[in-house]
Amino acid sequence: MSLVEHTFTHMLRNSGDVLAEVEHRDVVLRRRDGEDLFLGLRSREASVLAASVDPTTRQSVTGALSASLPWTTFLPDDERFEFFDALASTAAACVEVDTFEPLAHLLDGWRATAEVHANPELGKLLSIERTGPPVKLKRPRAS
């Protein structure tokens with residue numbers, strides 16, 4: 001699906017044209033004084049999420065993820081599919097509640113997992129069983 005960009009001023013001057021364009025593609029409105037706006041149809045969003053259960057689509061999206069997020073190539077195939085499922089469901093949930101911090105945490109966690117798969121020495125180091133008494137740590141003080 002294509003994406004088109006316009007200035008917010010263009011939208012104000014040509015709202016009918018821009019809204020007609022939204023029927024066929026998503027639109028990003030660039031603003032000088034604030035974050036860009038995104039216009040799209042809810043039905044397109046739902047179709048993207050529904051496509052996530054189709055095996056052929058999953059394979060295509062997984063390939064696209066490898067291009068967009070190169071570190072996903074270090075994940076084994078089954079974990080890459082698991083990452084895609086988690087990414088799709090978390091992104092949809094973030095859109096619903098209008099906060100994207102959980103998505104950032106998800107990406108950080110999966111990237112760390114990919115790092116472990118990419119570096120077997122790191123995996124060995126993390127899997128060493130620690131022995132000895134627990135070390136009591138002092139709580140950091142707020143500055």
# chains A, B, ... in the order shown; residues from 1 in each chain; ligands from 1
call {"tool": "select_by_dssp", "arguments": {"residues": "chain A", "states": "alpha helix (DSSP H)", "output": "ChimeraX atom specification"}}
result
/A:8-13,15-22,42-51,55-68,77-97,101-118,120-127
call {"tool": "residues_around", "arguments": {"residues": "stretch 66-68 of chain A", "least_positions_apart": "3", "cutoff": "12 Å", "atoms": "only C-alpha atoms", "output": "list in words"}}
result
Gln59, Ser60, Val61, Thr62, Gly63, Trp71, Thr72, Thr73, Phe74, Leu75, Pro76, Asp77, Arg80, Phe81, Phe83, Phe84 and Ala114 of chain A
call {"tool": "residues_around", "arguments": {"residues": "A:Val4", "least_positions_apart": "2", "cutoff": "9 Å", "atoms": "only C-alpha atoms", "output": "JSON, numbers by chain"}}
result
{"A": [2, 6, 21, 25, 26, 27, 28, 29]}
call {"tool": "select_by_dssp", "arguments": {"residues": "chain A", "states": "strand (DSSP E)", "output": "PyMOL selection string"}}
result
chain A and resi 3-7+26-30+37-39
call {"tool": "write_last_selection", "arguments": {"atoms": "C-alpha atoms", "output": "compact mmCIF listing (two decimals), in the first residue's frame"}}
result
# COMPACT_ATOMS: atom_id res chain seq x y z
CA LEU A 3 1.63 6.37 1.48
CA VAL A 4 1.42 10.01 0.44
CA GLU A 5 2.60 13.09 2.31
CA HIS A 6 1.12 16.58 2.34
CA THR A 7 1.61 19.64 4.46
CA ASP A 26 -2.81 6.47 3.89
CA VAL A 27 -1.82 10.14 4.22
CA VAL A 28 0.79 11.76 6.45
CA LEU A 29 0.28 15.44 7.19
CA ARG A 30 3.55 17.24 7.92
CA LEU A 37 -0.51 13.50 11.67
CA PHE A 38 -1.57 10.20 10.10
CA LEU A 39 -4.85 9.72 8.23
call {"tool": "residues_around", "arguments": {"residues": "A:Pro102", "least_positions_apart": "2", "cutoff": "12 Å", "atoms": "only C-alpha atoms", "output": "ChimeraX atom specification"}}
result
/A:86-87,89-95,97-100,104-109
call {"tool": "write_last_selection", "arguments": {"atoms": "C-alpha atoms", "output": "CSV table (one decimal), in the first residue's frame"}}
result
chain,number,residue,atom,x,y,z
A,86,ALA,CA,3.8,-10.1,19.3
A,87,LEU,CA,4.7,-7.0,17.2
A,89,SER,CA,-0.8,-7.5,18.6
A,90,THR,CA,1.3,-5.0,20.7
A,91,ALA,CA,1.1,-2.4,17.9
A,92,ALA,CA,-2.7,-2.8,17.6
A,93,ALA,CA,-3.0,-2.4,21.4
A,94,CYS,CA,-0.8,0.6,21.4
A,95,VAL,CA,-2.9,2.3,18.8
A,97,VAL,CA,-4.6,3.2,24.0
A,98,ASP,CA,-2.5,5.8,22.2
A,99,THR,CA,0.8,5.0,23.9
A,100,PHE,CA,3.7,3.4,22.2
A,104,ALA,CA,9.5,0.2,22.4
A,105,HIS,CA,9.9,-2.3,25.3
A,106,LEU,CA,8.9,-5.2,23.0
A,107,LEU,CA,11.4,-4.2,20.4
A,108,ASP,CA,14.2,-3.7,23.0
A,109,GLY,CA,13.5,-7.2,24.4
call {"tool": "atom_distance", "arguments": {"atom1": "atom CA of A:Glu115", "atom2": "atom CA of A:Arg130"}}
result
21.5 Å
call {"tool": "closest_residue", "arguments": {"among": "A:Arg141, A:Val18, A:Phe8, A:Arg13", "to": "A:Gly34", "atoms": "only C-alpha atoms"}}
result
A:Phe8
call {"tool": "decode", "arguments": {"residues": "stretch 6-143 of chain A", "atoms": "C-alpha atoms", "output": "CSV table (one decimal), in the first residue's frame"}}
result
chain,number,residue,atom,x,y,z
A,6,HIS,CA,1.1,16.6,2.3
A,7,THR,CA,1.6,19.6,4.5
A,8,PHE,CA,-1.1,20.4,7.0
A,9,THR,CA,-1.7,23.7,5.1
A,10,HIS,CA,-2.4,21.7,1.9
A,11,MET,CA,-4.9,19.7,3.9
A,12,LEU,CA,-6.6,22.9,5.1
A,13,ARG,CA,-6.8,24.3,1.6
A,14,ASN,CA,-7.7,21.1,-0.2
A,15,SER,CA,-9.5,19.0,2.4
A,16,GLY,CA,-11.9,17.4,-0.1
A,17,ASP,CA,-9.1,16.2,-2.3
A,18,VAL,CA,-7.1,14.9,0.6
A,19,LEU,CA,-10.0,13.1,2.1
A,20,ALA,CA,-10.8,11.5,-1.3
A,21,GLU,CA,-7.1,10.4,-1.4
A,22,VAL,CA,-7.5,8.7,2.0
A,23,GLU,CA,-10.0,6.3,0.4
A,24,HIS,CA,-7.1,4.8,-1.6
A,25,ARG,CA,-4.0,5.3,0.5
A,26,ASP,CA,-2.8,6.5,3.9
A,27,VAL,CA,-1.8,10.1,4.2
A,28,VAL,CA,0.8,11.8,6.4
A,29,LEU,CA,0.3,15.4,7.2
A,30,ARG,CA,3.6,17.2,7.9
A,31,ARG,CA,3.3,20.1,10.5
A,32,ARG,CA,6.0,22.7,11.3
A,33,ASP,CA,4.8,23.3,14.8
A,34,GLY,CA,4.0,19.7,16.0
A,35,GLU,CA,4.2,16.0,15.4
A,36,ASP,CA,3.0,14.8,12.0
A,37,LEU,CA,-0.5,13.5,11.7
A,38,PHE,CA,-1.6,10.2,10.1
A,39,LEU,CA,-4.9,9.7,8.2
A,40,GLY,CA,-6.0,6.3,7.3
A,41,LEU,CA,-9.1,4.1,7.2
A,42,ARG,CA,-9.9,1.8,10.2
A,43,SER,CA,-10.8,-0.9,7.7
A,44,ARG,CA,-7.3,-0.9,6.3
A,45,GLU,CA,-5.8,-1.2,9.8
A,46,ALA,CA,-8.1,-4.2,10.5
A,47,SER,CA,-7.2,-5.9,7.2
A,48,VAL,CA,-3.5,-5.6,8.0
A,49,LEU,CA,-4.0,-7.2,11.4
A,50,ALA,CA,-6.2,-9.9,9.9
A,51,ALA,CA,-3.6,-10.7,7.3
A,52,SER,CA,-1.2,-11.5,10.1
A,53,VAL,CA,-2.9,-15.0,10.4
A,54,ASP,CA,-2.4,-15.9,6.8
A,55,PRO,CA,0.8,-18.1,6.4
A,56,THR,CA,1.8,-16.6,3.1
A,57,THR,CA,1.4,-13.1,4.4
A,58,ARG,CA,3.3,-13.9,7.6
A,59,GLN,CA,6.2,-15.2,5.5
A,60,SER,CA,6.2,-12.0,3.4
A,61,VAL,CA,6.0,-9.7,6.5
A,62,THR,CA,8.8,-11.7,8.2
A,63,GLY,CA,11.0,-11.1,5.1
A,64,ALA,CA,10.1,-7.4,5.2
A,65,LEU,CA,10.9,-7.2,8.9
A,66,SER,CA,14.4,-8.7,8.1
A,67,ALA,CA,14.9,-5.8,5.7
A,68,SER,CA,13.5,-3.1,8.1
A,69,LEU,CA,14.9,-4.6,11.3
A,70,PRO,CA,18.1,-6.4,10.2
A,71,TRP,CA,18.7,-7.8,13.7
A,72,THR,CA,15.7,-10.1,13.3
A,73,THR,CA,17.7,-12.3,10.9
A,74,PHE,CA,19.5,-13.6,14.0
A,75,LEU,CA,16.3,-14.9,15.4
A,76,PRO,CA,15.5,-18.6,14.6
A,77,ASP,CA,12.5,-18.9,12.3
A,78,ASP,CA,10.0,-19.9,15.0
A,79,GLU,CA,11.1,-17.0,17.2
A,80,ARG,CA,10.9,-14.6,14.2
A,81,PHE,CA,7.2,-15.7,13.7
A,82,GLU,CA,6.6,-15.3,17.5
A,83,PHE,CA,8.2,-11.8,17.3
A,84,PHE,CA,5.9,-10.9,14.4
A,85,ASP,CA,2.8,-12.0,16.3
A,86,ALA,CA,3.8,-10.1,19.3
A,87,LEU,CA,4.7,-7.0,17.2
A,88,ALA,CA,1.3,-7.1,15.5
A,89,SER,CA,-0.8,-7.5,18.6
A,90,THR,CA,1.3,-5.0,20.7
A,91,ALA,CA,1.1,-2.4,17.9
A,92,ALA,CA,-2.7,-2.8,17.6
A,93,ALA,CA,-3.0,-2.4,21.4
A,94,CYS,CA,-0.8,0.6,21.4
A,95,VAL,CA,-2.9,2.3,18.8
A,96,GLU,CA,-6.0,1.6,20.9
A,97,VAL,CA,-4.6,3.2,24.0
A,98,ASP,CA,-2.5,5.8,22.2
A,99,THR,CA,0.8,5.0,23.9
A,100,PHE,CA,3.7,3.4,22.2
A,101,GLU,CA,6.1,2.7,25.1
A,102,PRO,CA,5.1,-0.9,25.3
A,103,LEU,CA,6.0,-1.3,21.7
A,104,ALA,CA,9.5,0.2,22.4
A,105,HIS,CA,9.9,-2.3,25.3
A,106,LEU,CA,8.9,-5.2,23.0
A,107,LEU,CA,11.4,-4.2,20.4
A,108,ASP,CA,14.2,-3.7,23.0
A,109,GLY,CA,13.5,-7.2,24.4
A,110,TRP,CA,13.5,-9.0,21.1
A,111,ARG,CA,16.6,-7.1,20.0
A,112,ALA,CA,18.4,-8.4,23.1
A,113,THR,CA,17.2,-11.9,22.3
A,114,ALA,CA,18.6,-11.5,18.8
A,115,GLU,CA,22.0,-10.4,20.3
A,116,VAL,CA,22.2,-13.5,22.3
A,117,HIS,CA,21.5,-15.7,19.2
A,118,ALA,CA,24.1,-13.7,17.3
A,119,ASN,CA,26.8,-14.1,20.0
A,120,PRO,CA,27.0,-17.6,21.3
A,121,GLU,CA,29.6,-16.5,23.9
A,122,LEU,CA,27.1,-14.0,25.4
A,123,GLY,CA,24.6,-16.9,25.6
A,124,LYS,CA,27.1,-19.0,27.5
A,125,LEU,CA,28.0,-16.2,29.8
A,126,LEU,CA,24.3,-15.6,30.6
A,127,SER,CA,23.5,-19.2,31.2
A,128,ILE,CA,26.3,-19.8,33.8
A,129,GLU,CA,24.8,-20.8,37.1
A,130,ARG,CA,25.9,-18.4,39.8
A,131,THR,CA,26.9,-19.8,43.2
A,132,GLY,CA,27.7,-18.2,46.5
A,133,PRO,CA,25.7,-16.1,48.8
A,134,PRO,CA,23.5,-13.4,47.4
A,135,VAL,CA,24.9,-9.9,47.4
A,136,LYS,CA,22.8,-7.3,49.1
A,137,LEU,CA,22.7,-4.1,47.1
A,138,LYS,CA,21.9,-0.6,48.4
A,139,ARG,CA,19.0,1.2,46.9
A,140,PRO,CA,20.2,4.1,44.8
A,141,ARG,CA,19.3,7.5,46.1
A,142,ALA,CA,17.3,10.0,44.0
A,143,SER,CA,19.4,13.0,43.0
